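> Please see the structure below; I have some questions.
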Amino acid sequence: MRALFWGIVVLAAIYGGYWFVGARAAERGAEAALVRLAGEGIAVKHDGLGVAGFPSRFDLTLTAPQVSIPARGIGWAAPFAQIFSLSYKPWHLIAALPEDQKLTLPGQALTLASTRMMGSLRLTPSPDLPLAEADAVAEGVSLRSDQGWALGFASANLRLARGEGDNYEVALRVLDLVPDQALVAGLAGSGLPATVARLDALADVALDGPLALRDAVPPAISAVTLREANIVWGPLTLRATGRLVADAQGRGEGQIDLRVEGWRAGFEAAVALRLIPDRFVQAVESVLVQMETQSGAPGVLTLPLVMRNGRMMLGPVPLGAAPLLR
């Protein structure tokens with residue numbers, strides 16, 4: 001019995017020593033990360049950095065963090081930022097942010113409020129710490145600018161998961177998006193409600209290497225396969241599928257097929273917001289009616305978004321340069 005007792009004492013001492021060593025390593029890692037950010041032109045100030053959670057967790061808290069990129073006029077501040085991990089599984093991290101945060105952009109300051117904002121990062125326990133899965137969730141979000149505009153949404157979820165090789169599945173969903181009230185007022189009579197019910201996307205992204213926490217340079221995108229994307233806004237629904245690959249200059253090349261259901265509500269909204277000059281309204285409507293006839297389905301438009309030779313076109317309409325993928 002005495003041997004069992006002393007065995008438990010020894011194991012507890014070993015585990016306690018492991019926790020204190022791990023906690024100190026977490027502090028040093030966080031401090032080194034802040035130094036590395038400073039070298040990249042990202043300034044981070046705070047009122048304290050500490051690790052708690054003995055004996056089962058490493059809870060790292062940064063008090064009153066202020067992050068800024070002076071060269072770009074961008075900043076972020078909050079009462080705290082926290083990262084948690086179980087002491088026996090330190091490669092699985094959970095981050096928590098406070099309900100109130102401050103953002104600074106060139107020419108304006110924003111207040112970000114939420115009822116919940118958290119993230120999860122699961123790494124593979126190997127020297128480079130490659131990413132296995134990342135999740136983020138935000139609920140009850142409102143964003144207000146000192147320039148007078150505001151928007152909000154009920155919830156948003158983002159997920160990134162590694163598949164085979166260097167391929168990653170990316171999923172995004174936003175529910176009940178409420179645009180700025182000035183925009184909503186301009187939509188009066190268009191048939192579109194004040195809330196966008198749903199935005200979601202599911203895509204496979206191919207990279208030229210794995211995402212890893214200890215990589216100095218992130219891998220570049222080689223291809224994006226959009227399995228589906230949807231915007232549901234009252235009677236208006238936009239759906240998209242397609243595939244893009246990076247050309248020699250890094251711009252997207254390929255085609256995204258768009259399907260617009262209830263296009264007239266979107267057209268009337270564009271007219272109400274004066275996005276279409278008055279002298280072109282009748283001509284644009286005539287073209288859309290012809291396209292509806294060609295689609296073979298009432299109220300539906302089908303359009304190809306084509307990217308080729310560094311340029312982008314929506315049907316016959318040129319839209320400028322194709323987006324950069326890498």
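Ligands are numbered from 1 in the order shown, chains are lettered A, B, ... in the order of the structure tokens, and residues start at 1 in each chain.
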Which residues of stretch 85-173 of chain A come within 10 Å of stretch 76-80 of chain A, and what is each one's closest atom pair and distance in Å (one decimal), counting only C-alpha atoms, sorted by chain and residue number, as CSV?

residue,atom,partner,partner_atom,distance
A:Ala96,CA,A:Phe80,CA,8.9
A:Leu97,CA,A:Phe80,CA,6.9
A:Pro98,CA,A:Phe80,CA,6.6
A:Glu99,CA,A:Ala78,CA,8.9
A:Asp100,CA,A:Ala78,CA,6.8
A:Gln101,CA,A:Ala78,CA,4.7
A:Lys102,CA,A:Ala77,CA,5.1
A:Leu103,CA,A:Trp76,CA,4.6
A:Thr104,CA,A:Trp76,CA,6.2
A:Leu105,CA,A:Trp76,CA,9.1
A:Ala109,CA,A:Trp76,CA,9.8
A:Leu110,CA,A:Trp76,CA,9.4
A:Thr111,CA,A:Trp76,CA,9.9
A:Leu112,CA,A:Ala78,CA,9.7
> Identify, on the basis of only C-alpha atoms, every residue whose closest approach to stretch 58-67 of chain A does not exceed 6 Å; exclude the query and any residue fewer than 2 positions from it along the same chain; express the result as a list of chain:residue names.
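Here the qualifying residues turn out to be A:Ala43, A:Val44, A:Lys45, A:His46, A:Asp47, A:Gly48, A:Leu49, A:Gly50, A:Val51, A:Ala52, A:Gly53, A:Gly75, A:Trp76, A:Ala77, A:Ala78, A:Pro79, A:Phe80, A:Ala81, A:Gln82, A:Ile83, A:Phe84, A:Ser85, A:Ser87.
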> Generate a file of the selected residues that holds C-alpha atoms, formatted as a short mmCIF file (atom, residue, chain, number, x, y, z; two decimals), in the first residue's frame.

data_model
loop_
_atom_site.label_atom_id
_atom_site.label_comp_id
_atom_site.auth_asym_id
_atom_site.auth_seq_id
_atom_site.Cartn_x
_atom_site.Cartn_y
_atom_site.Cartn_z
CA ALA A 43 3.31 45.75 -33.76
CA VAL A 44 1.75 44.00 -30.75
CA LYS A 45 1.30 45.66 -27.37
CA HIS A 46 -0.32 44.10 -24.30
CA ASP A 47 -0.67 44.49 -20.53
CA GLY A 48 0.42 40.98 -19.68
CA LEU A 49 0.94 37.44 -20.93
CA GLY A 50 0.45 34.42 -18.69
CA VAL A 51 -0.35 30.71 -18.63
CA ALA A 52 -2.76 29.07 -16.16
CA GLY A 53 -4.85 25.88 -16.09
CA GLY A 75 -5.35 47.90 -36.14
CA TRP A 76 -7.21 45.63 -33.72
CA ALA A 77 -7.71 45.84 -29.96
CA ALA A 78 -9.63 43.85 -27.36
CA PRO A 79 -9.81 43.40 -23.57
CA PHE A 80 -8.17 39.97 -23.90
CA ALA A 81 -7.36 37.08 -26.21
CA GLN A 82 -7.11 33.49 -25.01
CA ILE A 83 -5.73 30.22 -26.37
CA PHE A 84 -6.48 26.94 -24.59
CA SER A 85 -5.11 23.43 -25.00
CA SER A 87 -1.87 19.52 -21.41
#
> Extract the full set of alpha helix (DSSP H) residues from stretch 44-287 of chain A according to DSSP on the backbone, and format it as number ranges by chain.
A: 181-186, 263-272, 281-287
> Let me see the file: selected residues, C-alpha atoms, as a tab-separated table (two decimals), in the first residue's frame.

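Result file follows (result_12.tsv):
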chain	number	residue	atom	x	y	z
A	181	GLN	CA	-30.05	50.22	-43.06
A	182	ALA	CA	-29.34	52.79	-45.77
A	183	LEU	CA	-29.02	49.94	-48.26
A	184	VAL	CA	-32.16	48.28	-46.91
A	185	ALA	CA	-34.09	51.56	-47.28
A	186	GLY	CA	-32.95	51.82	-50.88
A	263	TRP	CA	-33.50	37.48	-61.33
A	264	ARG	CA	-36.16	40.18	-61.61
A	265	ALA	CA	-36.00	40.93	-57.88
A	266	GLY	CA	-32.25	41.46	-58.22
A	267	PHE	CA	-32.73	43.64	-61.29
A	268	GLU	CA	-35.32	45.81	-59.54
A	269	ALA	CA	-33.00	46.15	-56.55
A	270	ALA	CA	-30.18	47.31	-58.85
A	271	VAL	CA	-32.53	49.87	-60.39
A	272	ALA	CA	-33.71	51.07	-56.96
A	281	VAL	CA	-32.52	50.31	-67.64
A	282	GLN	CA	-34.84	49.34	-70.50
A	283	ALA	CA	-32.02	47.92	-72.62
A	284	VAL	CA	-30.61	45.87	-69.73
A	285	GLU	CA	-34.05	44.50	-68.90
A	286	SER	CA	-34.58	43.46	-72.54
A	287	VAL	CA	-31.26	41.60	-72.58
> At a cut-off of 7 Å, using only C-alpha atoms, what residues contact stretch 132-141 of chain A? Leave out same-chain residues fewer than 5 positions from it and give the result as a VMD selection string.
chain A and resid 113 to 124 152 to 162
> Generate a file of the selected residues that holds C-alpha atoms, formatted as a PDB file, in the first residue's frame.

ATOM      1  CA  ALA A 113     -19.623  43.037 -31.017  1.00  0.00           C
ATOM      2  CA  SER A 114     -20.695  39.411 -30.720  1.00  0.00           C
ATOM      3  CA  THR A 115     -22.280  36.971 -28.308  1.00  0.00           C
ATOM      4  CA  ARG A 116     -19.715  34.276 -29.156  1.00  0.00           C
ATOM      5  CA  MET A 117     -16.495  34.177 -31.171  1.00  0.00           C
ATOM      6  CA  MET A 118     -14.230  31.149 -30.980  1.00  0.00           C
ATOM      7  CA  GLY A 119     -11.861  29.123 -33.099  1.00  0.00           C
ATOM      8  CA  SER A 120     -10.256  25.696 -33.049  1.00  0.00           C
ATOM      9  CA  LEU A 121      -6.970  24.560 -34.601  1.00  0.00           C
ATOM     10  CA  ARG A 122      -5.956  20.916 -34.757  1.00  0.00           C
ATOM     11  CA  LEU A 123      -2.387  20.222 -35.811  1.00  0.00           C
ATOM     12  CA  THR A 124      -0.588  16.992 -36.603  1.00  0.00           C
ATOM     13  CA  GLY A 152     -24.710  42.219 -38.682  1.00  0.00           C
ATOM     14  CA  PHE A 153     -25.440  38.521 -38.935  1.00  0.00           C
ATOM     15  CA  ALA A 154     -26.836  35.788 -36.722  1.00  0.00           C
ATOM     16  CA  SER A 155     -24.018  33.299 -37.200  1.00  0.00           C
ATOM     17  CA  ALA A 156     -21.012  32.434 -39.343  1.00  0.00           C
ATOM     18  CA  ASN A 157     -19.062  29.193 -39.541  1.00  0.00           C
ATOM     19  CA  LEU A 158     -15.780  28.567 -41.351  1.00  0.00           C
ATOM     20  CA  ARG A 159     -14.069  25.186 -41.622  1.00  0.00           C
ATOM     21  CA  LEU A 160     -10.790  24.127 -43.233  1.00  0.00           C
ATOM     22  CA  ALA A 161      -9.855  20.439 -43.287  1.00  0.00           C
ATOM     23  CA  ARG A 162      -6.953  18.654 -44.920  1.00  0.00           C
TER      24      ARG A 162
END
> Determine which residues of stretch 127-282 of chain A receive a DSSP assignment of strand (DSSP E or B), computed from the backbone, and state them as a VMD selection string.
chain A and resid 130 to 145 150 to 162 167 to 178 196 to 207 212 221 to 233 236 to 246 251 to 261
> So what do you get for atom CA of A:Thr225 versus atom CA of A:Asn167, distance-wise?
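Atom CA of A:Thr225 sits 10.5 Å away from atom CA of A:Asn167.
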> Please, what distance in Å, to one decimal, runs between atom CA of A:Ala212 and atom CA of A:Arg72?
26.3 Å
> For stretch 163-165 of chain A, list every protein, DNA or RNA residue within 12 Å, evaluated using only C-alpha atoms, and leave out those in the same chain fewer than 4 positions away; present the list as a tab-separated table (two decimals) with C-alpha atoms, in the first residue's frame.

chain	number	residue	atom	x	y	z
A	130	PRO	CA	1.02	20.63	-40.33
A	131	LEU	CA	-2.61	21.71	-40.17
A	132	ALA	CA	-5.19	18.94	-39.91
A	133	GLU	CA	-8.33	21.00	-39.30
A	169	GLU	CA	-11.76	21.35	-48.07
A	170	VAL	CA	-13.07	24.83	-47.24
A	203	ALA	CA	-14.73	24.31	-52.20
A	204	ASP	CA	-11.67	22.11	-52.61
A	205	VAL	CA	-8.41	24.04	-52.66
A	206	ALA	CA	-5.22	22.46	-54.01
A	207	LEU	CA	-1.93	23.91	-52.71
A	208	ASP	CA	1.65	23.38	-53.83
A	209	GLY	CA	2.57	22.22	-50.32
A	210	PRO	CA	1.03	21.54	-46.91
A	211	LEU	CA	-0.18	24.23	-44.53
> Nearest to A:Gly315 among A:Asp215, A:Glu228, A:Asp257, A:Glu292, with distances taken over only C-alpha atoms: which residue is it?
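Between A:Asp215, A:Glu228, A:Asp257, A:Glu292, the residue approaching A:Gly315 most closely is A:Asp257.
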